[in-house]
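Heads up, the thing below is written out as structure tokens.
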Amino acid sequence: MSPPPAESTSSSPLSSFFGVFRYSRRALGLVWGTSRWMMLGLALCTLVAGVLPAVAAWVGQLIVDGVVSAMETHQAATDPNLLVSITPVLKLVGIEAVIIAFIALAQRGLSAQQSLLRALLGQKVNVMILEKAGQLSLSQFEDSELYDQLTRARREASTRPLALVNKTFGLLQNAISLGSFGVLLVQFSPWALLILVAGALPVFISEAKFSGDAFKLFRWRSPQTRMQIYLETVLAREDSIKEVKLFGLEGLFLKRYRDIFTQLFAEDRRLTLRRESWGFLLGLLGTLTFYAAYAWVVIETIAGALTLGQMTMYLMVFKQGQAALSASLTAISGMYEDNLYLSNLYEYLEQPVEGENGTLTQGALPGDGLRFEHVSFSYPGGGDVLQDQALQDPVLHDISLHLCPGQSLALVGENGSGKTTLIKLLTRLYQPTQGRILLDGSDLRDWSTQALRERTGVIFQDFVRYQLQVGENLGVGDTHAFNDQERWQSAARHGMADEFITRMASGYKTQLGRWFKNGQELSGGQWQKIALSRAYMRENADILVLDEPTAAMDAAAEAEIFARFREHSRDKMAILISHRFSTVRSADLILVIDQGHIIERGTHEELLAENGRYAKLFQLQAAGYK
């Protein structure tokens, strides 16, 4: 594997470092939009937790000095009254106890609100990612780079915004503490502040550097991470495990899975060892500076420049100040890292989407039907050789046809000839590269997407087998009737699925698939009937498309399915893709497609008379039944 590409050197490292923090404001806005009251609560608890430690240290000094003074007074008094001597000190102890209790309350408040926000924000970000997925086009989903972006966003983005906000408030808390400690330390010596900073700065620089390295490594290996996820899915899903076992692929795929992990782990190990080694060595500087200051304070106390209480306070303040500064710099480093990972989220969320400009719900020429006018289509590429090839050899080339209501169209051709792509253009999952598609005299681009798709009922060859109840598997065909049991039953009768659904113990409430408890698996033919019934859920659809709908059915079921389909689509536009000529021959118009070109068109009889590609394919298939 080649090393990750070098970053641009057009800007200085310092400007690049601070430029990353542009996502902090967006993260704060994200958390504010999730729960403004909890964010205000975080701010209040942060303020309390930031100010009170310095106050506690100051009260601690007063207690120590008060104890020394009380001891001297008690020992010097001729009539010592212990209660009188210790009362002021006990009041100070009580005040410190209250301060410590408020600090503990603030810390608990921070922890509770962070925990609740983590759940709310994780849900919000995941919903944002899924909503964005719903806006992207099919061609974007077929781009491997998008999957890399999606993988990066989903792995880290649900936790990073809150982590960034927590670090921001933690930085604010420590800054307040440092300000309070600074007021006390400067009374001892301004040099104490410089020693404090000098001890913590090297570790901060090291952490920031290695955070950037870790992020570059994370982005660089997104394809390997996706391959691991894919192998996990193949080895642990019921729809692939049959073939995995049959072909004995477990060992091969597990080896590849382990090899990827070994490679990634080796990279992680190198980075971790370097990070921790440098962190330890540079951390020793902080320890040395603390004990240098420790010795300085002790010497000043012995020399009489400081009281015992002041010595105790300064040692506590210096130690806590060093911890606060170290935590502040660590928070800045962590914020830098969080901003880097948040860039993945917003890189994905800012993916351009096709604007929804269409508003038509009715065409300019109602009843004109469907027209393709010199339509060509090439898959979008990424600037590589495959893209150039795609542009030179379109998937579809100069397709023209007219289908009127009440007519049926059959598409015939080899796999990969462009038949299903034509259907994706019809449903506006793709946009034509050239030419236009009209419905009732108006360009599909001008139609409302919702109105267009409500008029279209499509079952693709690779239909989805939803791990839902039977009725819900049908209901997804029309979300307006998702829970309408009468519509379920009507659609199932048209799709011939009611025969086996009624035999199930729970009928339409039967859970399908093996993912959930009491799930029941269906045969391939039964699943196809479920999918076919799903298409019949769209009662208002006047364009019906069946893409290899009966590949897993027996001949008798296939004949009945198409008899019902012809009856149901009598006044509709019907498009059929099939390799079985027994179903194709009854279509009003048959198109033979080869490598994206229409090479023949006509009725079954006309195409047989031409004795071309269709006739040869028909005779070849018919010979198999003799």
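Every chain in the structure tokens has a letter given in the order shown (A, B, ...), and although residue numbers restart at 1 in each chain, ligands are simply numbered from 1 in the order shown.
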
Counting only C-alpha atoms, which residues of segment 403-471 of chain A sit at most 12 Å from some atom of segment 577-587 of chain A, and what is each one's closest atom pair with its distance in Å to one decimal, listed by chain and rising residue number, as a tab-separated table?
residue	atom	partner	partner_atom	distance
A:Leu403	CA	A:Ala587	CA	11.5
A:Gly406	CA	A:Ala587	CA	10.9
A:Gln407	CA	A:Ala587	CA	7.9
A:Ser408	CA	A:Ala587	CA	5.2
A:Leu409	CA	A:Ala587	CA	5.6
A:Ala410	CA	A:Ile577	CA	5.8
A:Leu411	CA	A:Ile577	CA	5.0
A:Val412	CA	A:Ile577	CA	6.5
A:Gly413	CA	A:His579	CA	7.6
A:Glu414	CA	A:His579	CA	8.3
A:Asn415	CA	A:His579	CA	9.4
A:Ser417	CA	A:Ile577	CA	11.7
A:Gly418	CA	A:Ile577	CA	10.9
A:Lys419	CA	A:Ile577	CA	7.3
A:Thr420	CA	A:Ile577	CA	8.0
A:Thr421	CA	A:Ile577	CA	11.4
A:Leu422	CA	A:Ile577	CA	10.6
A:Ile423	CA	A:Ile577	CA	9.6
A:Val458	CA	A:Ile577	CA	11.2
A:Ile459	CA	A:Ile577	CA	10.4
A:Phe460	CA	A:Ile577	CA	9.5
A:Gln461	CA	A:Ile577	CA	9.2

**Item:** Shell around Gln351 of chain A at 12 Å using only C-alpha atoms, local window under 3 positions removed, as JSON, numbers by chain
**Value:** {"A": [129, 132, 133, 135, 136, 137, 140, 141, 145, 146, 149, 150, 344, 345, 346, 347, 348, 354]}

**Request:** May I have the residues within 10 Å of Leu162 of chain A as an MDAnalysis selection string, using only C-alpha atoms and disregarding those fewer than 4 positions away in the same chain?
**Result:** chainID A and resid 27:28 30:31 114:115 117:122 157:158 166:168 338

**Picked from segment 346-583 of chain A by DSSP as helix (DSSP H, G or I), as an MDAnalysis selection string** = chainID A and resid 346:349 385:392 419:426 444:446 449:454 470:475 479:481 485:494 498:501 507:509 524:536 555:568 581:583

Can those selected residues be exported to a file as a compact mmCIF listing (two decimals), in the first residue's frame so that it contains C-alpha atoms?
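result34.txt was written with the following content:
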# COMPACT_ATOMS: atom_id res chain seq x y z
CA TYR A 346 -19.94 17.98 6.52
CA GLU A 347 -18.05 16.78 3.46
CA TYR A 348 -20.80 14.17 3.13
CA LEU A 349 -23.70 16.46 4.11
CA VAL A 385 -10.32 5.24 -17.97
CA LEU A 386 -13.70 3.70 -17.26
CA GLN A 387 -15.31 7.10 -17.45
CA ASP A 388 -13.76 7.78 -20.85
CA GLN A 389 -15.01 4.43 -22.10
CA ALA A 390 -18.49 5.14 -20.76
CA LEU A 391 -18.60 8.46 -22.56
CA GLN A 392 -17.50 6.85 -25.83
CA LYS A 419 -33.02 -2.66 -20.51
CA THR A 420 -33.11 -1.93 -16.78
CA THR A 421 -31.24 1.35 -17.32
CA LEU A 422 -34.07 2.45 -19.60
CA ILE A 423 -36.54 1.82 -16.74
CA LYS A 424 -34.37 3.83 -14.34
CA LEU A 425 -34.51 6.73 -16.78
CA LEU A 426 -38.28 6.40 -16.97
CA LEU A 444 -40.07 14.31 -17.01
CA ARG A 445 -37.76 16.97 -15.55
CA ASP A 446 -40.77 19.26 -15.21
CA THR A 449 -41.07 13.58 -8.48
CA GLN A 450 -43.83 12.47 -6.12
CA ALA A 451 -46.53 12.81 -8.78
CA LEU A 452 -44.40 10.94 -11.32
CA ARG A 453 -43.63 8.04 -9.02
CA GLU A 454 -47.21 7.75 -7.83
CA VAL A 470 -46.02 -9.68 5.28
CA GLY A 471 -48.53 -6.83 5.17
CA GLU A 472 -45.81 -4.22 5.61
CA ASN A 473 -43.81 -5.86 2.81
CA LEU A 474 -46.80 -5.12 0.61
CA GLY A 475 -47.54 -1.73 2.16
CA THR A 479 -46.82 4.53 1.78
CA HIS A 480 -50.26 6.19 1.82
CA ALA A 481 -51.76 2.74 2.37
CA GLN A 485 -55.19 -4.27 5.38
CA GLU A 486 -57.89 -4.25 2.70
CA ARG A 487 -55.38 -2.89 0.18
CA TRP A 488 -52.88 -5.57 1.27
CA GLN A 489 -55.39 -8.31 0.56
CA SER A 490 -56.47 -6.84 -2.78
CA ALA A 491 -52.85 -6.45 -3.94
CA ALA A 492 -51.97 -9.97 -2.77
CA ARG A 493 -54.84 -11.44 -4.77
CA HIS A 494 -53.66 -9.70 -7.94
CA ASP A 498 -52.76 -14.49 -0.98
CA GLU A 499 -52.73 -18.27 -1.57
CA PHE A 500 -49.70 -18.87 0.68
CA ILE A 501 -50.17 -15.85 2.97
CA GLY A 507 -51.34 -14.34 8.03
CA TYR A 508 -50.43 -10.79 7.05
CA LYS A 509 -48.85 -10.25 10.48
CA GLY A 524 -37.73 -17.40 -4.35
CA GLY A 525 -41.06 -17.71 -6.16
CA GLN A 526 -43.02 -16.64 -3.08
CA TRP A 527 -40.80 -13.60 -2.62
CA GLN A 528 -41.42 -12.68 -6.25
CA LYS A 529 -45.16 -12.87 -5.68
CA ILE A 530 -44.76 -10.59 -2.65
CA ALA A 531 -42.81 -8.13 -4.79
CA LEU A 532 -45.36 -8.37 -7.60
CA SER A 533 -48.18 -7.72 -5.14
CA ARG A 534 -46.24 -4.71 -3.90
CA ALA A 535 -46.53 -3.21 -7.42
CA TYR A 536 -50.30 -3.70 -7.35
CA ALA A 555 -44.56 -22.22 -15.88
CA ALA A 556 -48.14 -22.53 -14.58
CA ALA A 557 -47.71 -19.70 -12.07
CA GLU A 558 -46.03 -17.58 -14.72
CA ALA A 559 -48.90 -18.07 -17.18
CA GLU A 560 -51.49 -17.10 -14.56
CA ILE A 561 -49.43 -14.10 -13.40
CA PHE A 562 -49.31 -12.67 -16.90
CA ALA A 563 -52.94 -13.38 -17.58
CA ARG A 564 -53.82 -11.32 -14.52
CA PHE A 565 -51.28 -8.66 -15.46
CA ARG A 566 -52.78 -8.23 -18.93
CA GLU A 567 -56.23 -7.90 -17.43
CA HIS A 568 -55.07 -5.40 -14.80
CA PHE A 581 -40.69 -15.37 -25.13
CA SER A 582 -43.90 -17.03 -24.00
CA THR A 583 -44.60 -13.86 -21.99

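Minimum distance to Ala615 of chain A across A:Val592, A:Ile598, A:Ile543, A:Ile302 (counting only C-alpha atoms) occurs at A:Val592.
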
Compile the contact shell of segment 44-49 of chain A as a tab-separated table (two decimals) with N, CA, C and O atoms, in the first residue's frame: residues with an atom at most 9 Å away, counting only C-alpha atoms, same-chain residues fewer than 3 positions apart removed.
chain	number	residue	atom	x	y	z
A	39	MET	N	-27.54	22.69	26.93
A	39	MET	CA	-26.32	23.42	26.61
A	39	MET	C	-26.12	24.56	27.60
A	39	MET	O	-24.99	24.83	28.04
A	40	LEU	N	-27.22	25.26	27.97
A	40	LEU	CA	-27.11	26.30	29.00
A	40	LEU	C	-26.72	25.69	30.33
A	40	LEU	O	-25.95	26.29	31.10
A	41	GLY	N	-27.26	24.49	30.61
A	41	GLY	CA	-26.88	23.80	31.84
A	41	GLY	C	-25.40	23.45	31.85
A	41	GLY	O	-24.73	23.56	32.90
A	52	LEU	N	-14.77	27.59	41.26
A	52	LEU	CA	-14.71	27.16	42.67
A	52	LEU	C	-13.40	26.47	43.09
A	52	LEU	O	-13.03	26.58	44.26
A	53	PRO	N	-12.66	25.74	42.20
A	53	PRO	CA	-11.41	25.15	42.68
A	53	PRO	C	-10.42	26.19	43.21
A	53	PRO	O	-9.74	25.96	44.22
A	102	PHE	N	-20.46	21.84	46.00
A	102	PHE	CA	-20.92	22.50	44.76
A	102	PHE	C	-20.07	22.06	43.56
A	102	PHE	O	-20.59	21.90	42.45
A	103	ILE	N	-18.77	21.88	43.79
A	103	ILE	CA	-17.91	21.39	42.70
A	103	ILE	C	-18.38	19.99	42.28
A	103	ILE	O	-18.49	19.69	41.08
A	104	ALA	N	-18.64	19.12	43.28
A	104	ALA	CA	-19.10	17.76	42.97
A	104	ALA	C	-20.44	17.79	42.25
A	104	ALA	O	-20.68	17.04	41.29
A	105	LEU	N	-21.34	18.71	42.69
A	105	LEU	CA	-22.65	18.84	42.03
A	105	LEU	C	-22.48	19.29	40.58
A	105	LEU	O	-23.16	18.77	39.68
A	106	ALA	N	-21.58	20.26	40.38
A	106	ALA	CA	-21.34	20.73	39.01
A	106	ALA	C	-20.79	19.62	38.14
A	106	ALA	O	-21.19	19.47	36.97
A	107	GLN	N	-19.86	18.81	38.67
A	107	GLN	CA	-19.29	17.71	37.89
A	107	GLN	C	-20.35	16.67	37.57
A	107	GLN	O	-20.40	16.14	36.45
A	108	ARG	N	-21.22	16.38	38.53
A	108	ARG	CA	-22.32	15.43	38.27
A	108	ARG	C	-23.28	15.99	37.23
A	108	ARG	O	-23.78	15.27	36.36
A	109	GLY	N	-23.54	17.30	37.33
A	109	GLY	CA	-24.41	17.93	36.35
A	109	GLY	C	-23.83	17.85	34.95
A	109	GLY	O	-24.54	17.57	33.98
A	110	LEU	N	-22.53	18.10	34.83
A	110	LEU	CA	-21.86	17.98	33.54
A	110	LEU	C	-21.97	16.57	33.00
A	110	LEU	O	-22.30	16.34	31.83
A	169	PHE	N	-16.38	23.25	26.32
A	169	PHE	CA	-16.76	23.66	27.67
A	169	PHE	C	-15.66	23.29	28.68
A	169	PHE	O	-15.44	24.02	29.65
A	170	GLY	N	-15.00	22.15	28.44
A	170	GLY	CA	-13.89	21.79	29.32
A	170	GLY	C	-12.76	22.82	29.22
A	170	GLY	O	-12.14	23.19	30.22
A	172	LEU	N	-13.19	25.95	28.39
A	172	LEU	CA	-13.69	27.15	29.07
A	172	LEU	C	-13.55	27.00	30.58
A	172	LEU	O	-13.11	27.94	31.27
A	173	GLN	N	-13.89	25.82	31.10
A	173	GLN	CA	-13.77	25.57	32.54
A	173	GLN	C	-12.32	25.71	32.99
A	173	GLN	O	-12.02	26.37	34.00
A	174	ASN	N	-11.41	25.10	32.25
A	174	ASN	CA	-10.00	25.17	32.63
A	174	ASN	C	-9.43	26.57	32.46
A	174	ASN	O	-8.55	27.00	33.22
A	176	ILE	N	-11.15	29.33	32.90
A	176	ILE	CA	-11.62	30.07	34.09
A	176	ILE	C	-10.77	29.71	35.30
A	176	ILE	O	-10.35	30.58	36.08
A	177	SER	N	-10.50	28.39	35.46
A	177	SER	CA	-9.66	27.95	36.58
A	177	SER	C	-8.27	28.56	36.48
A	177	SER	O	-7.71	29.04	37.48

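Residues in contact range of Ile241 of chain A, defined as at most 12 Å between only C-alpha atoms, with sequence neighbours fewer than 6 positions away removed, read Leu231, Glu232, Thr233, Val234, Leu235, Phe247, Gly248, Leu249, Glu250 and Phe253 of chain A.
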